[in-house]
>>> print(open('structure.pdb').read())   # PDB, C-alpha atoms
ATOM      1  CA  MET A   1       6.935 -21.954  -1.225  1.00  0.00           C
ATOM      2  CA  ARG A   2       8.115 -21.712  -4.826  1.00  0.00           C
ATOM      3  CA  CYS A   3       5.545 -21.372  -7.607  1.00  0.00           C
ATOM      4  CA  ILE A   4       5.444 -20.812 -11.352  1.00  0.00           C
ATOM      5  CA  ASP A   5       3.178 -18.092 -12.742  1.00  0.00           C
ATOM      6  CA  LYS A   6       1.112 -18.361 -15.932  1.00  0.00           C
ATOM      7  CA  GLN A   7       4.020 -16.891 -17.918  1.00  0.00           C
ATOM      8  CA  GLY A   8       6.350 -19.612 -16.669  1.00  0.00           C
ATOM      9  CA  LYS A   9       8.246 -17.293 -14.320  1.00  0.00           C
ATOM     10  CA  LEU A  10       9.264 -18.405 -10.841  1.00  0.00           C
ATOM     11  CA  PHE A  11       7.926 -16.569  -7.797  1.00  0.00           C
ATOM     12  CA  GLU A  12       8.143 -17.348  -4.114  1.00  0.00           C
ATOM     13  CA  VAL A  13       5.640 -16.960  -1.285  1.00  0.00           C
ATOM     14  CA  LYS A  14       7.241 -16.432   2.097  1.00  0.00           C
ATOM     15  CA  LYS A  15       6.508 -15.040   5.534  1.00  0.00           C
ATOM     16  CA  TYR A  16       7.208 -11.324   5.966  1.00  0.00           C
ATOM     17  CA  SER A  17      10.348 -10.358   7.872  1.00  0.00           C
ATOM     18  CA  PRO A  18      11.454  -6.822   8.840  1.00  0.00           C
ATOM     19  CA  GLU A  19      14.179  -6.697   6.163  1.00  0.00           C
ATOM     20  CA  ASP A  20      11.357  -6.986   3.581  1.00  0.00           C
ATOM     21  CA  TYR A  21       9.795  -3.653   4.571  1.00  0.00           C
ATOM     22  CA  ALA A  22      11.454  -1.473   1.909  1.00  0.00           C
ATOM     23  CA  SER A  23      10.312  -3.792  -0.880  1.00  0.00           C
ATOM     24  CA  LEU A  24       6.779  -3.989   0.529  1.00  0.00           C
ATOM     25  CA  GLU A  25       6.561  -0.208   0.830  1.00  0.00           C
ATOM     26  CA  SER A  26       7.846   0.134  -2.734  1.00  0.00           C
ATOM     27  CA  MET A  27       5.086  -2.163  -3.988  1.00  0.00           C
ATOM     28  CA  TYR A  28       2.478   0.071  -2.361  1.00  0.00           C
ATOM     29  CA  THR A  29       4.171   3.302  -3.513  1.00  0.00           C
ATOM     30  CA  ASN A  30       3.747   2.078  -7.102  1.00  0.00           C
ATOM     31  CA  PHE A  31       0.382   0.378  -6.514  1.00  0.00           C
ATOM     32  CA  TYR A  32      -2.417   1.049  -8.982  1.00  0.00           C
ATOM     33  CA  PRO A  33      -5.211   1.914  -8.442  1.00  0.00           C
ATOM     34  CA  LYS A  34      -4.735   3.354  -4.967  1.00  0.00           C
ATOM     35  CA  GLY A  35      -7.651   3.900  -2.659  1.00  0.00           C
ATOM     36  CA  LYS A  36     -10.176   2.333  -5.024  1.00  0.00           C
ATOM     37  CA  PHE A  37     -11.678  -0.107  -2.540  1.00  0.00           C
ATOM     38  CA  GLN A  38     -12.301   0.946   1.058  1.00  0.00           C
ATOM     39  CA  GLY A  39      -9.545   3.531   0.648  1.00  0.00           C
ATOM     40  CA  MET A  40      -6.856   0.850   0.437  1.00  0.00           C
ATOM     41  CA  PRO A  41      -4.049   1.266  -0.101  1.00  0.00           C
ATOM     42  CA  PRO A  42      -4.143   4.892   1.028  1.00  0.00           C
ATOM     43  CA  LEU A  43      -3.389   7.572  -1.545  1.00  0.00           C
ATOM     44  CA  LYS A  44      -0.828   9.544   0.455  1.00  0.00           C
ATOM     45  CA  ASP A  45       2.578   8.047   1.237  1.00  0.00           C
ATOM     46  CA  ASP A  46       2.500   8.903   4.975  1.00  0.00           C
ATOM     47  CA  ALA A  47      -0.949   7.355   5.375  1.00  0.00           C
ATOM     48  CA  SER A  48       0.167   4.349   3.350  1.00  0.00           C
ATOM     49  CA  ARG A  49       3.217   3.768   5.569  1.00  0.00           C
ATOM     50  CA  LYS A  50       1.028   3.982   8.690  1.00  0.00           C
ATOM     51  CA  TRP A  51      -1.490   1.559   7.149  1.00  0.00           C
ATOM     52  CA  ILE A  52       1.263  -0.923   6.158  1.00  0.00           C
ATOM     53  CA  LYS A  53       2.772  -0.806   9.652  1.00  0.00           C
ATOM     54  CA  GLY A  54      -0.683  -1.442  11.147  1.00  0.00           C
ATOM     55  CA  LEU A  55      -1.121  -4.532   8.974  1.00  0.00           C
ATOM     56  CA  LEU A  56       2.330  -5.770   9.952  1.00  0.00           C
ATOM     57  CA  GLU A  57       1.654  -5.241  13.671  1.00  0.00           C
ATOM     58  CA  ASN A  58      -1.869  -6.709  13.765  1.00  0.00           C
ATOM     59  CA  GLY A  59      -1.831  -9.478  11.195  1.00  0.00           C
ATOM     60  CA  GLU A  60       0.117 -12.383   9.874  1.00  0.00           C
ATOM     61  CA  ASN A  61       1.749 -11.309   6.626  1.00  0.00           C
ATOM     62  CA  LEU A  62       3.020 -13.263   3.638  1.00  0.00           C
ATOM     63  CA  LEU A  63       4.654 -11.820   0.548  1.00  0.00           C
ATOM     64  CA  ALA A  64       4.953 -12.970  -3.048  1.00  0.00           C
ATOM     65  CA  TRP A  65       8.414 -12.246  -4.482  1.00  0.00           C
ATOM     66  CA  GLN A  66       9.475 -12.211  -8.097  1.00  0.00           C
ATOM     67  CA  ASP A  67      12.712 -10.904  -9.596  1.00  0.00           C
ATOM     68  CA  GLY A  68      13.811  -9.568  -6.194  1.00  0.00           C
ATOM     69  CA  LYS A  69      10.668  -7.469  -5.688  1.00  0.00           C
ATOM     70  CA  THR A  70       7.498  -7.826  -3.667  1.00  0.00           C
ATOM     71  CA  VAL A  71       4.646  -8.400  -6.131  1.00  0.00           C
ATOM     72  CA  GLY A  72       1.930  -9.532  -3.717  1.00  0.00           C
ATOM     73  CA  HIS A  73       0.945  -9.197  -0.078  1.00  0.00           C
ATOM     74  CA  LEU A  74      -1.551 -11.180   1.935  1.00  0.00           C
ATOM     75  CA  VAL A  75      -2.657 -10.449   5.446  1.00  0.00           C
ATOM     76  CA  VAL A  76      -4.532 -12.745   7.821  1.00  0.00           C
ATOM     77  CA  LEU A  77      -6.194 -11.116  10.812  1.00  0.00           C
ATOM     78  CA  PRO A  78      -7.167 -14.051  13.046  1.00  0.00           C
ATOM     79  CA  ASP A  79      -9.914 -13.793  15.664  1.00  0.00           C
ATOM     80  CA  PHE A  80      -9.416 -16.840  17.857  1.00  0.00           C
ATOM     81  CA  LYS A  81     -12.505 -16.054  19.952  1.00  0.00           C
ATOM     82  CA  LYS A  82     -14.749 -16.211  16.888  1.00  0.00           C
ATOM     83  CA  GLY A  83     -12.707 -18.953  15.218  1.00  0.00           C
ATOM     84  CA  ASP A  84     -12.296 -17.019  11.983  1.00  0.00           C
ATOM     85  CA  ALA A  85      -9.881 -14.779  10.146  1.00  0.00           C
ATOM     86  CA  GLU A  86     -10.196 -11.777   7.878  1.00  0.00           C
ATOM     87  CA  TYR A  87      -8.216 -12.036   4.650  1.00  0.00           C
ATOM     88  CA  LEU A  88      -6.702  -9.150   2.699  1.00  0.00           C
ATOM     89  CA  ILE A  89      -4.819  -9.622  -0.551  1.00  0.00           C
ATOM     90  CA  PHE A  90      -3.011  -7.188  -2.827  1.00  0.00           C
ATOM     91  CA  VAL A  91      -1.190  -8.036  -6.058  1.00  0.00           C
ATOM     92  CA  SER A  92       0.708  -5.345  -7.945  1.00  0.00           C
ATOM     93  CA  HIS A  93      -1.014  -4.279 -11.151  1.00  0.00           C
ATOM     94  CA  PRO A  94       1.528  -5.637 -13.678  1.00  0.00           C
ATOM     95  CA  ASN A  95       1.395  -9.052 -11.955  1.00  0.00           C
ATOM     96  CA  ARG A  96      -2.360  -9.574 -11.883  1.00  0.00           C
ATOM     97  CA  GLY A  97      -3.899 -12.396 -13.868  1.00  0.00           C
ATOM     98  CA  ARG A  98      -0.742 -14.507 -13.642  1.00  0.00           C
ATOM     99  CA  GLY A  99      -1.727 -16.917 -10.853  1.00  0.00           C
ATOM    100  CA  ILE A 100      -0.061 -15.072  -7.991  1.00  0.00           C
ATOM    101  CA  GLY A 101      -3.404 -14.289  -6.319  1.00  0.00           C
ATOM    102  CA  SER A 102      -4.362 -17.960  -6.615  1.00  0.00           C
ATOM    103  CA  ALA A 103      -1.106 -19.055  -4.981  1.00  0.00           C
ATOM    104  CA  LEU A 104      -1.579 -16.556  -2.150  1.00  0.00           C
ATOM    105  CA  THR A 105      -5.189 -17.634  -1.630  1.00  0.00           C
ATOM    106  CA  ARG A 106      -4.242 -21.327  -1.617  1.00  0.00           C
ATOM    107  CA  THR A 107      -1.526 -20.522   0.947  1.00  0.00           C
ATOM    108  CA  VAL A 108      -3.842 -18.536   3.203  1.00  0.00           C
ATOM    109  CA  ILE A 109      -6.446 -21.305   3.269  1.00  0.00           C
ATOM    110  CA  GLN A 110      -3.867 -23.816   4.460  1.00  0.00           C
ATOM    111  CA  HIS A 111      -2.420 -21.319   6.940  1.00  0.00           C
ATOM    112  CA  VAL A 112      -5.829 -20.583   8.495  1.00  0.00           C
ATOM    113  CA  LYS A 113      -6.555 -24.330   8.736  1.00  0.00           C
ATOM    114  CA  ASN A 114      -3.208 -24.768  10.520  1.00  0.00           C
ATOM    115  CA  LEU A 115      -4.245 -22.064  13.001  1.00  0.00           C
ATOM    116  CA  GLY A 116      -7.288 -24.209  13.873  1.00  0.00           C
ATOM    117  CA  LEU A 117      -9.797 -21.623  12.671  1.00  0.00           C
ATOM    118  CA  THR A 118     -13.065 -22.610  11.011  1.00  0.00           C
ATOM    119  CA  SER A 119     -13.602 -19.880   8.430  1.00  0.00           C
ATOM    120  CA  ILE A 120     -12.029 -17.067   6.418  1.00  0.00           C
ATOM    121  CA  TRP A 121     -13.898 -13.945   5.368  1.00  0.00           C
ATOM    122  CA  LEU A 122     -13.164 -10.917   3.236  1.00  0.00           C
ATOM    123  CA  THR A 123     -14.862  -7.950   1.676  1.00  0.00           C
ATOM    124  CA  VAL A 124     -14.695  -7.302  -2.034  1.00  0.00           C
ATOM    125  CA  GLY A 125     -15.987  -4.564  -4.300  1.00  0.00           C
ATOM    126  CA  ALA A 126     -19.244  -5.703  -5.899  1.00  0.00           C
ATOM    127  CA  THR A 127     -17.866  -4.927  -9.374  1.00  0.00           C
ATOM    128  CA  ASN A 128     -14.440  -6.493  -8.849  1.00  0.00           C
ATOM    129  CA  PHE A 129     -15.413  -9.487 -10.960  1.00  0.00           C
ATOM    130  CA  ARG A 130     -11.856 -10.791 -11.345  1.00  0.00           C
ATOM    131  CA  ALA A 131     -11.378 -10.993  -7.570  1.00  0.00           C
ATOM    132  CA  ILE A 132     -14.851 -12.471  -7.039  1.00  0.00           C
ATOM    133  CA  ALA A 133     -14.084 -15.186  -9.590  1.00  0.00           C
ATOM    134  CA  LEU A 134     -10.820 -15.960  -7.796  1.00  0.00           C
ATOM    135  CA  TYR A 135     -12.525 -16.283  -4.422  1.00  0.00           C
ATOM    136  CA  LYS A 136     -15.371 -18.395  -5.836  1.00  0.00           C
ATOM    137  CA  LYS A 137     -12.798 -20.726  -7.420  1.00  0.00           C
ATOM    138  CA  PHE A 138     -11.610 -21.546  -3.903  1.00  0.00           C
ATOM    139  CA  GLY A 139     -15.120 -21.978  -2.485  1.00  0.00           C
ATOM    140  CA  PHE A 140     -15.850 -18.560  -0.989  1.00  0.00           C
ATOM    141  CA  ILE A 141     -19.534 -17.646  -1.088  1.00  0.00           C
ATOM    142  CA  PHE A 142     -21.375 -14.392  -0.484  1.00  0.00           C
ATOM    143  CA  SER A 143     -22.479 -14.253   3.140  1.00  0.00           C
ATOM    144  CA  ASN A 144     -25.721 -12.554   2.128  1.00  0.00           C
ATOM    145  CA  PRO A 145     -26.368 -13.464  -1.516  1.00  0.00           C
ATOM    146  CA  ASP A 146     -29.477 -11.306  -1.826  1.00  0.00           C
ATOM    147  CA  LEU A 147     -27.785  -8.127  -0.666  1.00  0.00           C
ATOM    148  CA  VAL A 148     -26.698  -5.727  -3.401  1.00  0.00           C
ATOM    149  CA  GLU A 149     -24.117  -3.281  -2.086  1.00  0.00           C
ATOM    150  CA  THR A 150     -20.935  -1.670  -3.362  1.00  0.00           C
ATOM    151  CA  GLU A 151     -18.990  -3.969  -1.028  1.00  0.00           C
ATOM    152  CA  ARG A 152     -19.777  -7.641  -0.495  1.00  0.00           C
ATOM    153  CA  LYS A 153     -18.682  -9.991   2.256  1.00  0.00           C
ATOM    154  CA  MET A 154     -17.543 -13.451   1.196  1.00  0.00           C
ATOM    155  CA  ILE A 155     -16.813 -16.376   3.472  1.00  0.00           C
ATOM    156  CA  LEU A 156     -15.122 -19.742   3.203  1.00  0.00           C
ATOM    157  CA  ARG A 157     -16.000 -22.359   5.800  1.00  0.00           C
ATOM    158  CA  LEU A 158     -13.124 -24.754   6.375  1.00  0.00           C
TER
END
>>> encode(input="structure.pdb", output="structure tokens")
Amino acid sequence: MRCIDKQGKLFEVKKYSPEDYASLESMYTNFYPKGKFQGMPPLKDDASRKWIKGLLENGENLLAWQDGKTVGHLVVLPDFKKGDAEYLIFVSHPNRGRGIGSALTRTVIQHVKNLGLTSIWLTVGATNFRAIALYKKFGFIFSNPDLVETERKMILRL
């Protein structure tokens, strides 16, 4: 899927393939801030590579590409028994606030619907107001609105 960011630059969202690994690893090598939320992405390169490979093996992965580089990564971890999917999203620091996260979120919602699942959930840092605003824009709500924690679970019923 081809998209235009808020600066008018073209980017593409596509399914991960093994030849994309070097670019994906490079995005995480240069990722900022590392380990801020739930230790992701890991601080050390070896741990980061292991974590990336785990996401690639256990989830469905889509990448946002711009200027020949990976600038965003989304992971869907479907649970067909429960009828839901966990959603993880990472956008490289210089590319935040440009609509890439919105495009990835829009894509994941359609993808999860196509899988026949009934909801998507994620966890977000309670003070990550930019991410919370993004998720709310697409209809995610806090699963326990009265709970005040450092991490919050949000859910979108499809």
>>> resolve_selection(input="structure.pdb", expression="the PyMOL selection byres ((chain A and resi 125-140) around 9)", output="PyMOL selection string")
chain A and resi 37-38+97+101-102+105-106+109+120-121+123-124+141-143+148-157
>>> residues_around(input="structure.pdb", residues="Ala85 in chain A", least_positions_apart="4", cutoff="9 Å", atoms="all atoms listed in the file", output="ChimeraX atom specification")
/A:76-80,112,117-122
>>> residues_around(input="structure.pdb", residues="Cys3 in chain A", least_positions_apart="2", cutoff="8 Å", atoms="only C-alpha atoms", output="list of chain:residue names")
A:Met1, A:Asp5, A:Leu10, A:Phe11, A:Glu12, A:Val13, A:Ala103
>>> resolve_selection(input="structure.pdb", expression="the PyMOL selection byres ((chain A and resi 95) around 12)", output="number ranges by chain")
A: 5-7, 9, 11, 27, 31-32, 64-67, 69-73, 90-94, 96-102
>>> atom_distance(input="structure.pdb", atom1="CA of Asn144 in chain A", atom2="CA of Leu88 in chain A")
19.3 Å
>>> atom_distance(input="structure.pdb", atom1="CA of Glu25 in chain A", atom2="CA of Ile89 in chain A")
14.8 Å
>>> axis_aligned_box(input="structure.pdb", around="range 96-99 of chain A", padding_each_side="3 Å", output="AutoDock Vina command-line options")
--center_x -2.3 --center_y -13.2 --center_z -12.4 --size_x 9.2 --size_y 13.3 --size_z 9.0
>>> residues_around(input="structure.pdb", residues="Glu57 in chain A", least_positions_apart="6", cutoff="12 Å", atoms="only C-alpha atoms", output="mmCIF file with C-alpha atoms, keeping the file's coordinate frame")
data_model
loop_
_atom_site.group_PDB
_atom_site.id
_atom_site.type_symbol
_atom_site.label_atom_id
_atom_site.label_comp_id
_atom_site.auth_asym_id
_atom_site.auth_seq_id
_atom_site.Cartn_x
_atom_site.Cartn_y
_atom_site.Cartn_z
ATOM 1 C CA TYR A 16 7.208 -11.324 5.966
ATOM 2 C CA SER A 17 10.348 -10.358 7.872
ATOM 3 C CA PRO A 18 11.454 -6.822 8.840
ATOM 4 C CA LYS A 50 1.028 3.982 8.690
ATOM 5 C CA TRP A 51 -1.490 1.559 7.149
ATOM 6 C CA VAL A 75 -2.657 -10.449 5.446
ATOM 7 C CA VAL A 76 -4.532 -12.745 7.821
ATOM 8 C CA LEU A 77 -6.194 -11.116 10.812
#
>>> closest_residue(input="structure.pdb", among="A:Gly8, A:Gly83, A:Leu74, A:Ser23", to="Leu62 in chain A", atoms="only C-alpha atoms")
A:Leu74
>>> atom_distance(input="structure.pdb", atom1="CA of Gly116 in chain A", atom2="CA of Lys81 in chain A")
11.4 Å
>>> closest_residue(input="structure.pdb", among="A:Ala47, A:Met40, A:Leu63, A:Leu55", to="Lys15 in chain A", atoms="only C-alpha atoms")
A:Leu63
